[in-house]
$ cat start28.txt   # compact mmCIF, C-alpha atoms
# COMPACT_ATOMS: atom_id res chain seq x y z
CA MET J 1 -31.67 -5.93 15.92
CA SER J 2 -33.18 -2.66 17.11
CA THR J 3 -34.71 -2.41 20.54
CA GLN J 4 -37.69 -0.66 22.08
CA ILE J 5 -37.54 -0.23 25.84
CA LEU J 6 -40.66 -1.02 27.88
CA THR J 7 -40.99 -0.21 31.56
CA PRO J 8 -43.68 -2.40 33.08
CA ARG J 9 -46.43 -1.08 35.27
CA PRO J 10 -48.41 -2.93 37.95
CA LEU J 11 -51.48 -4.57 36.45
CA ARG J 12 -54.70 -2.63 37.02
CA PRO J 13 -58.05 -3.58 35.46
CA THR J 14 -58.75 -0.18 33.93
CA ASP J 15 -55.34 0.01 32.23
CA PHE J 16 -55.66 -3.55 30.94
CA ALA J 17 -59.28 -3.27 29.75
CA PRO J 18 -58.41 -2.85 26.04
CA TYR J 19 -56.61 -6.20 26.12
CA GLY J 20 -58.69 -8.33 28.45
CA ASP J 21 -59.81 -8.75 32.04
CA VAL J 22 -57.97 -8.86 35.34
CA VAL J 23 -59.59 -11.52 37.52
CA GLU J 24 -59.00 -10.25 41.04
CA LEU J 25 -60.81 -9.64 44.30
CA GLY J 26 -63.19 -6.70 44.21
CA SER J 27 -66.07 -5.47 46.29
CA ASP J 28 -69.02 -7.08 44.52
CA HIS J 29 -69.63 -10.51 46.02
CA VAL J 30 -72.19 -12.76 47.66
CA LEU J 31 -71.70 -14.74 50.84
CA ILE J 32 -72.08 -18.51 50.45
CA ASN J 33 -71.36 -21.61 52.53
CA ASP J 34 -73.12 -20.31 55.65
CA GLY J 35 -71.19 -17.05 55.50
CA ARG J 36 -67.75 -18.66 55.40
CA CYS J 37 -66.95 -17.87 51.78
CA LYS J 38 -67.16 -14.83 49.52
CA ARG J 39 -68.07 -15.54 45.88
CA PHE J 40 -66.95 -12.92 43.33
CA SER J 41 -68.95 -14.26 40.43
CA ASP J 42 -68.53 -14.35 36.66
CA LEU J 43 -65.58 -11.97 36.41
CA SER J 44 -64.67 -12.38 32.75
CA ALA J 45 -66.17 -13.64 29.51
CA LEU J 46 -64.77 -16.86 28.06
CA VAL J 47 -64.68 -17.13 24.28
CA ALA J 48 -64.14 -20.43 22.44
CA GLU J 49 -65.59 -19.98 18.93
CA GLY J 50 -65.82 -23.25 17.04
CA GLY J 51 -64.37 -25.24 19.95
CA ARG J 52 -65.12 -25.48 23.66
CA VAL J 53 -63.75 -24.12 26.91
CA GLY J 54 -61.15 -26.44 28.44
CA ILE J 55 -58.98 -26.63 31.54
CA SER J 56 -55.24 -27.15 31.05
CA LEU J 57 -52.04 -26.71 33.02
CA PHE J 58 -49.04 -24.75 31.80
CA GLN J 59 -45.67 -25.23 33.47
CA SER J 60 -43.34 -22.53 32.24
CA GLU J 61 -39.72 -21.60 32.79
CA VAL J 62 -39.26 -18.51 34.96
CA GLN J 63 -37.68 -15.50 33.23
CA ALA J 64 -35.60 -12.65 34.61
CA LEU J 65 -35.70 -8.94 33.83
CA PRO J 66 -34.43 -7.42 31.63
CA TYR J 67 -36.46 -9.64 29.31
CA SER J 68 -36.39 -9.51 25.54
CA CYS J 69 -39.47 -10.25 23.43
CA THR J 70 -39.20 -10.62 19.66
CA LEU J 71 -42.54 -12.24 18.81
CA LEU J 72 -46.16 -11.60 19.65
CA GLU J 73 -49.11 -13.90 19.06
CA ARG J 74 -52.89 -13.84 19.13
CA HIS J 75 -55.73 -16.34 19.17
CA PRO J 76 -58.49 -15.21 16.78
CA HIS J 77 -61.14 -17.59 18.10
CA GLY J 78 -60.63 -17.69 21.83
CA SER J 79 -59.82 -15.91 25.05
CA GLN J 80 -57.06 -17.31 27.26
CA CYS J 81 -57.14 -17.08 31.05
CA PHE J 82 -53.99 -17.67 33.13
CA VAL J 83 -54.41 -18.51 36.83
CA PRO J 84 -51.13 -18.62 38.81
CA MET J 85 -51.08 -21.55 41.22
CA GLU J 86 -47.80 -20.80 42.97
CA GLY J 87 -48.17 -17.12 43.70
CA CYS J 88 -45.70 -16.00 41.09
CA THR J 89 -45.68 -12.60 39.47
CA THR J 90 -46.24 -12.62 35.71
CA LEU J 91 -45.19 -10.30 32.90
CA TYR J 92 -47.85 -9.52 30.28
CA ILE J 93 -46.74 -7.79 27.10
CA VAL J 94 -49.71 -6.73 24.97
CA ALA J 95 -50.22 -4.54 21.94
CA GLU J 96 -52.95 -2.88 19.93
CA ASP J 97 -53.66 -3.98 16.37
CA ASP J 98 -53.33 -1.91 13.21
CA ALA J 99 -54.54 -3.90 10.21
CA GLY J 100 -52.83 -7.09 11.32
CA THR J 101 -49.72 -5.48 12.80
CA PRO J 102 -49.18 -5.18 16.57
CA VAL J 103 -48.55 -1.56 17.55
CA ARG J 104 -48.02 0.45 20.74
CA PRO J 105 -46.81 -2.41 22.96
CA LYS J 106 -47.18 -2.15 26.72
CA ALA J 107 -45.94 -4.26 29.62
CA PHE J 108 -47.79 -5.08 32.83
CA VAL J 109 -46.82 -7.12 35.86
CA ALA J 110 -49.52 -9.12 37.64
CA HIS J 111 -49.09 -10.15 41.25
CA GLY J 112 -49.74 -13.70 42.39
CA ARG J 113 -53.37 -13.19 43.34
CA GLN J 114 -54.38 -11.87 39.93
CA ALA J 115 -55.52 -14.10 37.10
CA VAL J 116 -55.59 -12.59 33.62
CA ASN J 117 -57.99 -13.34 30.77
CA ILE J 118 -56.54 -12.11 27.49
CA ALA J 119 -59.31 -11.26 25.05
CA ALA J 120 -59.69 -13.12 21.76
CA ASN J 121 -57.62 -11.77 18.88
CA THR J 122 -55.43 -9.63 21.15
CA TRP J 123 -51.67 -9.46 20.56
CA HIS J 124 -49.62 -10.70 23.49
CA GLY J 125 -46.30 -12.25 24.38
CA VAL J 126 -46.00 -15.83 25.52
CA LEU J 127 -46.54 -16.73 29.17
CA THR J 128 -43.74 -15.14 31.21
CA PRO J 129 -43.55 -15.92 34.94
CA LEU J 130 -41.08 -13.67 36.76
CA SER J 131 -40.76 -15.42 40.12
CA ASP J 132 -40.35 -18.96 41.35
CA GLY J 133 -43.05 -21.35 40.37
CA GLY J 134 -44.33 -21.21 36.82
CA LEU J 135 -47.43 -23.39 37.24
CA TYR J 136 -50.71 -22.01 35.89
CA THR J 137 -54.18 -23.33 35.30
CA VAL J 138 -55.22 -22.13 31.86
CA ILE J 139 -58.82 -21.83 30.70
CA ASP J 140 -58.95 -21.53 26.96
CA ARG J 141 -60.36 -22.92 23.73
CA VAL J 142 -59.66 -26.56 23.01
CA ASP J 143 -60.72 -29.03 20.37
CA GLY J 144 -61.53 -26.46 17.72
CA GLY J 145 -58.73 -26.42 15.16
CA PRO J 146 -56.17 -23.72 14.34
CA ASN J 147 -56.28 -20.66 16.59
CA LEU J 148 -52.77 -19.20 16.59
CA GLU J 149 -51.34 -16.26 14.66
CA GLU J 150 -47.71 -15.31 15.27
CA TYR J 151 -46.02 -12.01 14.43
CA PRO J 152 -42.21 -11.82 14.47
CA LEU J 153 -41.49 -8.22 15.40
CA GLY J 154 -38.22 -7.81 13.55
CA MET J 155 -36.98 -5.98 16.62
CA ALA J 156 -36.72 -6.60 20.35
CA LEU J 157 -39.06 -5.29 23.01
CA THR J 158 -36.85 -5.11 26.08
CA VAL J 159 -38.65 -5.01 29.42
CA LEU J 160 -36.57 -3.41 32.13
CA PRO J 161 -36.84 -3.93 35.87
CA GLY J 162 -38.70 -1.19 37.67
CA GLY J 163 -42.23 0.09 37.56
CA GLY J 164 -43.30 -2.23 40.34
CA ALA J 165 -42.12 -5.38 38.56
CA GLU J 166 -39.80 -6.58 41.31
CA MET I 1 -75.92 -35.66 67.07
CA SER I 2 -74.24 -38.90 66.04
CA THR I 3 -70.85 -38.84 64.41
CA GLN I 4 -69.10 -40.79 61.68
CA ILE I 5 -65.31 -40.55 61.70
CA LEU I 6 -63.51 -39.98 58.40
CA THR I 7 -59.75 -40.21 58.03
CA PRO I 8 -58.69 -38.29 54.94
CA ARG I 9 -56.36 -39.70 52.34
CA PRO I 10 -54.10 -37.79 49.95
CA LEU I 11 -55.91 -36.98 46.72
CA ARG I 12 -55.09 -39.33 43.84
CA PRO I 13 -56.87 -39.23 40.46
CA THR I 14 -57.81 -42.91 40.41
CA ASP I 15 -59.37 -42.79 43.89
CA PHE I 16 -61.26 -39.61 43.06
CA ALA I 17 -62.48 -40.69 39.60
CA PRO I 18 -66.03 -41.58 40.71
CA TYR I 19 -66.48 -37.98 41.93
CA GLY I 20 -64.61 -35.89 39.40
CA ASP I 21 -61.17 -35.08 38.05
CA VAL I 22 -57.90 -34.11 39.67
CA VAL I 23 -56.24 -31.43 37.53
CA GLU I 24 -52.54 -31.99 38.15
CA LEU I 25 -49.27 -32.35 36.30
CA GLY I 26 -48.91 -35.64 34.43
CA SER I 27 -46.71 -36.97 31.70
CA ASP I 28 -48.80 -36.21 28.62
CA HIS I 29 -47.91 -32.74 27.38
CA VAL I 30 -46.75 -30.73 24.39
CA LEU I 31 -43.95 -28.19 24.38
CA ILE I 32 -44.99 -24.66 23.41
CA ASN I 33 -43.46 -21.18 23.49
CA ASP I 34 -40.22 -22.22 21.81
CA GLY I 35 -39.75 -25.09 24.26
CA ARG I 36 -40.03 -22.94 27.39
CA CYS I 37 -43.46 -24.18 28.49
CA LYS I 38 -45.17 -27.54 28.90
CA ARG I 39 -48.88 -27.61 28.07
CA PHE I 40 -50.92 -30.37 29.73
CA SER I 41 -54.06 -29.91 27.71
CA ASP I 42 -57.78 -30.38 28.28
CA LEU I 43 -57.55 -32.21 31.61
CA SER I 44 -61.21 -32.27 32.61
CA ALA I 45 -64.65 -31.86 31.09
CA LEU I 46 -66.59 -28.72 32.00
CA VAL I 47 -70.36 -29.07 32.24
CA ALA I 48 -72.73 -26.09 32.32
CA GLU I 49 -76.12 -27.35 31.16
CA GLY I 50 -78.56 -24.53 30.48
CA GLY I 51 -76.02 -21.88 31.44
CA ARG I 52 -72.42 -21.14 30.48
CA VAL I 53 -68.95 -21.69 31.87
CA GLY I 54 -67.78 -18.72 33.96
CA ILE I 55 -64.71 -17.66 35.93
CA SER I 56 -65.19 -16.59 39.54
CA LEU I 57 -63.12 -16.14 42.67
CA PHE I 58 -63.92 -17.73 46.02
CA GLN I 59 -62.29 -16.39 49.18
CA SER I 60 -62.98 -18.83 51.99
CA GLU I 61 -62.20 -19.03 55.66
CA VAL I 62 -59.52 -21.57 56.53
CA GLN I 63 -60.66 -24.51 58.67
CA ALA I 64 -58.77 -26.70 61.13
CA LEU I 65 -58.91 -30.46 61.68
CA PRO I 66 -60.78 -32.09 63.28
CA TYR I 67 -63.48 -30.65 61.04
CA SER I 68 -67.18 -31.39 61.32
CA CYS I 69 -69.46 -31.55 58.28
CA THR I 70 -73.23 -31.76 58.67
CA LEU I 71 -74.41 -30.90 55.17
CA LEU I 72 -73.56 -32.02 51.64
CA GLU I 73 -74.60 -30.39 48.40
CA ARG I 74 -74.59 -31.09 44.68
CA HIS I 75 -75.06 -29.15 41.46
CA PRO I 76 -77.27 -31.11 39.05
CA HIS I 77 -76.46 -29.04 35.97
CA GLY I 78 -72.77 -28.25 36.27
CA SER I 79 -69.27 -29.29 37.20
CA GLN I 80 -67.29 -27.08 39.58
CA CYS I 81 -63.52 -26.70 39.35
CA PHE I 82 -61.50 -25.23 42.24
CA VAL I 83 -58.02 -23.87 41.51
CA PRO I 84 -56.02 -22.89 44.61
CA MET I 85 -54.14 -19.61 44.07
CA GLU I 86 -52.22 -19.50 47.33
CA GLY I 87 -50.87 -23.01 47.52
CA CYS I 88 -53.20 -24.11 50.27
CA THR I 89 -54.20 -27.68 50.95
CA THR I 90 -57.92 -28.39 50.58
CA LEU I 91 -60.26 -30.92 52.15
CA TYR I 92 -62.76 -32.57 49.79
CA ILE I 93 -65.59 -34.59 51.33
CA VAL I 94 -67.56 -36.48 48.69
CA ALA I 95 -70.19 -39.21 48.70
CA GLU I 96 -71.94 -41.61 46.39
CA ASP I 97 -75.65 -41.26 45.69
CA ASP I 98 -78.41 -43.72 46.53
CA ALA I 99 -81.73 -42.51 45.16
CA GLY I 100 -81.15 -38.92 46.27
CA THR I 101 -79.34 -39.72 49.51
CA PRO I 102 -75.57 -39.29 49.90
CA VAL I 103 -73.96 -42.53 51.08
CA ARG I 104 -70.47 -43.87 51.77
CA PRO I 105 -68.73 -40.51 52.36
CA LYS I 106 -65.00 -40.20 51.86
CA ALA I 107 -62.48 -37.46 52.59
CA PHE I 108 -59.50 -36.45 50.46
CA VAL I 109 -56.84 -33.79 50.92
CA ALA I 110 -55.49 -32.02 47.83
CA HIS I 111 -52.11 -30.34 47.90
CA GLY I 112 -51.59 -26.83 46.63
CA ARG I 113 -50.65 -27.78 43.07
CA GLN I 114 -53.81 -29.80 42.47
CA ALA I 115 -57.01 -28.31 41.14
CA VAL I 116 -60.18 -30.37 41.48
CA ASN I 117 -63.17 -30.52 39.14
CA ILE I 118 -66.15 -32.01 40.94
CA ALA I 119 -68.48 -33.72 38.48
CA ALA I 120 -72.05 -32.54 37.96
CA ASN I 121 -74.61 -33.97 40.37
CA THR I 122 -71.95 -35.30 42.77
CA TRP I 123 -72.43 -34.90 46.52
CA HIS I 124 -69.69 -32.84 48.19
CA GLY I 125 -69.00 -30.63 51.17
CA VAL I 126 -68.50 -26.91 50.81
CA LEU I 127 -65.08 -25.51 49.95
CA THR I 128 -62.73 -26.24 52.87
CA PRO I 129 -59.19 -24.84 52.74
CA LEU I 130 -56.96 -26.29 55.45
CA SER I 131 -53.96 -23.98 55.30
CA ASP I 132 -53.33 -20.26 55.05
CA GLY I 133 -54.76 -18.58 52.02
CA GLY I 134 -58.25 -19.54 50.99
CA LEU I 135 -58.29 -17.88 47.56
CA TYR I 136 -59.46 -20.00 44.62
CA THR I 137 -60.35 -19.41 41.01
CA VAL I 138 -63.55 -21.34 40.36
CA ILE I 139 -64.71 -22.42 36.92
CA ASP I 140 -68.36 -23.36 37.04
CA ARG I 141 -71.79 -22.80 35.56
CA VAL I 142 -73.12 -19.26 35.71
CA ASP I 143 -76.17 -17.48 34.39
CA GLY I 144 -78.34 -20.55 34.15
CA GLY I 145 -80.80 -20.52 37.04
CA PRO I 146 -81.09 -22.85 40.06
CA ASN I 147 -78.35 -25.47 40.34
CA LEU I 148 -78.02 -26.28 44.04
CA GLU I 149 -79.39 -29.21 46.03
CA GLU I 150 -78.55 -29.41 49.74
CA TYR I 151 -78.77 -32.45 52.00
CA PRO I 152 -78.63 -31.99 55.78
CA LEU I 153 -77.06 -35.21 57.03
CA GLY I 154 -78.76 -35.34 60.42
CA MET I 155 -75.39 -36.40 61.78
CA ALA I 156 -71.80 -35.15 61.74
CA LEU I 157 -69.01 -36.37 59.52
CA THR I 158 -65.91 -35.67 61.57
CA VAL I 159 -62.65 -35.51 59.66
CA LEU I 160 -59.65 -36.23 61.82
CA PRO I 161 -56.07 -35.17 61.30
CA GLY I 162 -53.86 -37.87 59.83
CA GLY I 163 -53.83 -39.71 56.57
CA GLY I 164 -51.54 -37.14 55.00
CA ALA I 165 -53.81 -34.22 55.74
CA GLU I 166 -51.29 -32.17 57.69
$ encode --input "start28.txt" --output "structure tokens"
Amino acid sequence: MSTQILTPRPLRPTDFAPYGDVVELGSDHVLINDGRCKRFSDLSALVAEGGRVGISLFQSEVQALPYSCTLLERHPHGSQCFVPMEGCTTLYIVAEDDAGTPVRPKAFVAHGRQAVNIAANTWHGVLTPLSDGGLYTVIDRVDGGPNLEEYPLGMALTVLPGGGAE
Amino acid sequence: MSTQILTPRPLRPTDFAPYGDVVELGSDHVLINDGRCKRFSDLSALVAEGGRVGISLFQSEVQALPYSCTLLERHPHGSQCFVPMEGCTTLYIVAEDDAGTPVRPKAFVAHGRQAVNIAANTWHGVLTPLSDGGLYTVIDRVDGGPNLEEYPLGMALTVLPGGGAE
């Protein structure tokens, strides 16, 4: 099987914007609870066409780099937000779409204080924690019927260490 | 100001059921991602009457026990789910309602792998992290107008250490 090498970069909202939202601390907030708490409000749009927004937990095996990805998937009718609960770093492989085919894959590494909301119908790899503790709260579409499209790549995307992924 | 002493207990779903849901790992799951990930699906109902479900971040000051609470609040039109992102323990003070007055307060301490979804219109204290790292993802009602009712207690609920809160 042929291989395409990807070097991951640290996750930044502007770089990730074509694929979804990075839910992280910014500057725009209000003070609540008598000044004891900062609220950074409404940071990403949740999509759950034909279903409803639900709260789930994912507990995933931790992976090591180099990591090989041979399949991407997308959810036509819903966004999918991953919130790390154990501070682990997470690998996100995403790709653009060209008439139903994922193209131009990229790899990003989120740190443990970044949640990620992948936009509806956006190609991505499966959840890939890179450090100890693969527990996530996931906010996505539930109770709405089929919402998964898979694309076997016919090759391997190999994500190397480096680029801030350690 | 008079004081009522509360000794917190560790958060268990059955004890907390009158006030909301504990979002934690259980036994009922499906395997996804080629067997690498357990999905515990749709663990709590999100309510956002007149608005929509949004994703926000709260960054709160950490508090120490004994902790004094003089005000409870509730959100008539929405549930509010708190997901700890830094593994911190969290104090939840909740109360039953008697014709608009909070009564029979209780205190619970959640560990860092428990998210909590407080039910709509349920009396509770403000977000109270007890250990380092007060960063939470919050899933609650946004964009829907007023949704806050506050109740000054006229006394102090004092939560003591003990009962598994350390």
$ interface_residues --input "start28.txt" --of "chain I" --to "chain J" --cutoff "7 Å" --atoms "only C-alpha atoms" --output "PyMOL selection string"
chain I and resi 33+36-46+54-61+84-87+113+126+142
$ residues_around --input "start28.txt" --residues "Asp15 of chain J" --least-positions-apart "6" --cutoff "12 Å" --atoms "all atoms listed in the file" --output "PDB file with C-alpha atoms, in the frame of the given file"
ATOM      1  CA  PRO J   8     -43.680  -2.400  33.080  1.00  0.00           C
ATOM      2  CA  ARG J   9     -46.430  -1.080  35.270  1.00  0.00           C
ATOM      3  CA  ASP J  21     -59.810  -8.750  32.040  1.00  0.00           C
ATOM      4  CA  VAL J  22     -57.970  -8.860  35.340  1.00  0.00           C
ATOM      5  CA  VAL J  94     -49.710  -6.730  24.970  1.00  0.00           C
ATOM      6  CA  LYS J 106     -47.180  -2.150  26.720  1.00  0.00           C
ATOM      7  CA  ALA J 107     -45.940  -4.260  29.620  1.00  0.00           C
ATOM      8  CA  PHE J 108     -47.790  -5.080  32.830  1.00  0.00           C
ATOM      9  CA  VAL J 109     -46.820  -7.120  35.860  1.00  0.00           C
TER      10      VAL J 109
END
$ atom_distance --input "start28.txt" --atom1 "atom CA of Met155 of chain I" --atom2 "atom CA of Gln4 of chain I"
7.7 Å
$ atom_distance --input "start28.txt" --atom1 "atom CA of Ala119 of chain I" --atom2 "atom CA of Leu11 of chain I"
15.4 Å
$ closest_residue --input "start28.txt" --among "I:Pro102, I:Ser68, I:Pro129, I:Pro76" --to "Thr3 of chain I" --atoms "all atoms listed in the file"
I:Ser68
$ residues_around --input "start28.txt" --residues "Gly144 of chain J" --least-positions-apart "2" --cutoff "9 Å" --atoms "only C-alpha atoms" --output "PyMOL selection string"
chain J and resi 48-52+77+141-142+146-147
$ write_last_selection --input "start28.txt" --atoms "C-alpha atoms" --output "short mmCIF file (atom, residue, chain, number, x, y, z; two decimals), in the frame of the given file"
data_model
loop_
_atom_site.label_atom_id
_atom_site.label_comp_id
_atom_site.auth_asym_id
_atom_site.auth_seq_id
_atom_site.Cartn_x
_atom_site.Cartn_y
_atom_site.Cartn_z
CA ALA J 48 -64.14 -20.43 22.44
CA GLU J 49 -65.59 -19.98 18.93
CA GLY J 50 -65.82 -23.25 17.04
CA GLY J 51 -64.37 -25.24 19.95
CA ARG J 52 -65.12 -25.48 23.66
CA HIS J 77 -61.14 -17.59 18.10
CA ARG J 141 -60.36 -22.92 23.73
CA VAL J 142 -59.66 -26.56 23.01
CA PRO J 146 -56.17 -23.72 14.34
CA ASN J 147 -56.28 -20.66 16.59
#
$ atom_distance --input "start28.txt" --atom1 "atom CA of Leu160 of chain J" --atom2 "atom CA of Phe16 of chain J"
19.1 Å
$ residues_around --input "start28.txt" --residues "Glu149 of chain I" --least-positions-apart "4" --cutoff "10 Å" --atoms "only C-alpha atoms" --output "PyMOL selection string"
chain I and resi 72-76+100+121+123
$ closest_residue --input "start28.txt" --among "J:Gly78, J:Ser2, J:Leu91, J:His124" --to "Arg104 of chain J" --atoms "all atoms listed in the file"
J:His124
$ closest_residue --input "start28.txt" --among "I:Ile5, I:Val159, I:Gly20, I:Thr101" --to "Val116 of chain I" --atoms "only C-alpha atoms"
I:Gly20
$ closest_residue --input "start28.txt" --among "J:Arg12, J:Gly162, J:Thr7, J:Glu150" --to "Ala110 of chain J" --atoms "only C-alpha atoms"
J:Arg12
$ decode --input "start28.txt" --residues "segment 20-31 of chain I" --atoms "N, CA, C and O atoms" --output "short mmCIF file (atom, residue, chain, number, x, y, z; two decimals), in the first residue's frame"
data_model
loop_
_atom_site.label_atom_id
_atom_site.label_comp_id
_atom_site.auth_asym_id
_atom_site.auth_seq_id
_atom_site.Cartn_x
_atom_site.Cartn_y
_atom_site.Cartn_z
N GLY I 20 -30.76 16.15 38.26
CA GLY I 20 -30.17 16.11 36.93
C GLY I 20 -29.46 14.79 36.70
O GLY I 20 -29.70 13.81 37.41
N ASP I 21 -28.57 14.78 35.71
CA ASP I 21 -27.90 13.55 35.32
C ASP I 21 -26.39 13.64 35.55
O ASP I 21 -25.77 14.68 35.32
N VAL I 22 -25.83 12.52 35.97
CA VAL I 22 -24.38 12.38 36.03
C VAL I 22 -23.95 11.71 34.72
O VAL I 22 -24.42 10.62 34.38
N VAL I 23 -23.09 12.38 33.98
CA VAL I 23 -22.59 11.85 32.72
C VAL I 23 -21.25 11.18 33.01
O VAL I 23 -20.22 11.83 33.17
N GLU I 24 -21.29 9.85 33.12
CA GLU I 24 -20.09 9.10 33.50
C GLU I 24 -20.09 7.77 32.77
O GLU I 24 -21.10 7.35 32.20
N LEU I 25 -18.95 7.09 32.80
CA LEU I 25 -18.84 5.80 32.15
C LEU I 25 -19.76 4.80 32.83
O LEU I 25 -19.83 4.74 34.06
N GLY I 26 -20.46 4.00 32.02
CA GLY I 26 -21.31 2.94 32.55
C GLY I 26 -21.00 1.65 31.82
O GLY I 26 -19.89 1.45 31.33
N SER I 27 -21.97 0.80 31.75
CA SER I 27 -21.74 -0.48 31.07
C SER I 27 -22.35 -0.52 29.68
O SER I 27 -21.91 -1.30 28.84
N ASP I 28 -23.31 0.33 29.40
CA ASP I 28 -24.06 0.25 28.15
C ASP I 28 -23.35 1.06 27.06
O ASP I 28 -23.41 2.29 27.06
N HIS I 29 -22.68 0.36 26.16
CA HIS I 29 -21.95 1.07 25.11
C HIS I 29 -21.92 0.26 23.83
O HIS I 29 -22.25 -0.93 23.83
N VAL I 30 -21.52 0.90 22.75
CA VAL I 30 -21.25 0.20 21.50
C VAL I 30 -19.79 0.43 21.15
O VAL I 30 -19.18 1.44 21.53
N LEU I 31 -19.21 -0.55 20.45
CA LEU I 31 -17.84 -0.39 19.98
C LEU I 31 -17.86 0.27 18.60
O LEU I 31 -18.61 -0.14 17.72
#
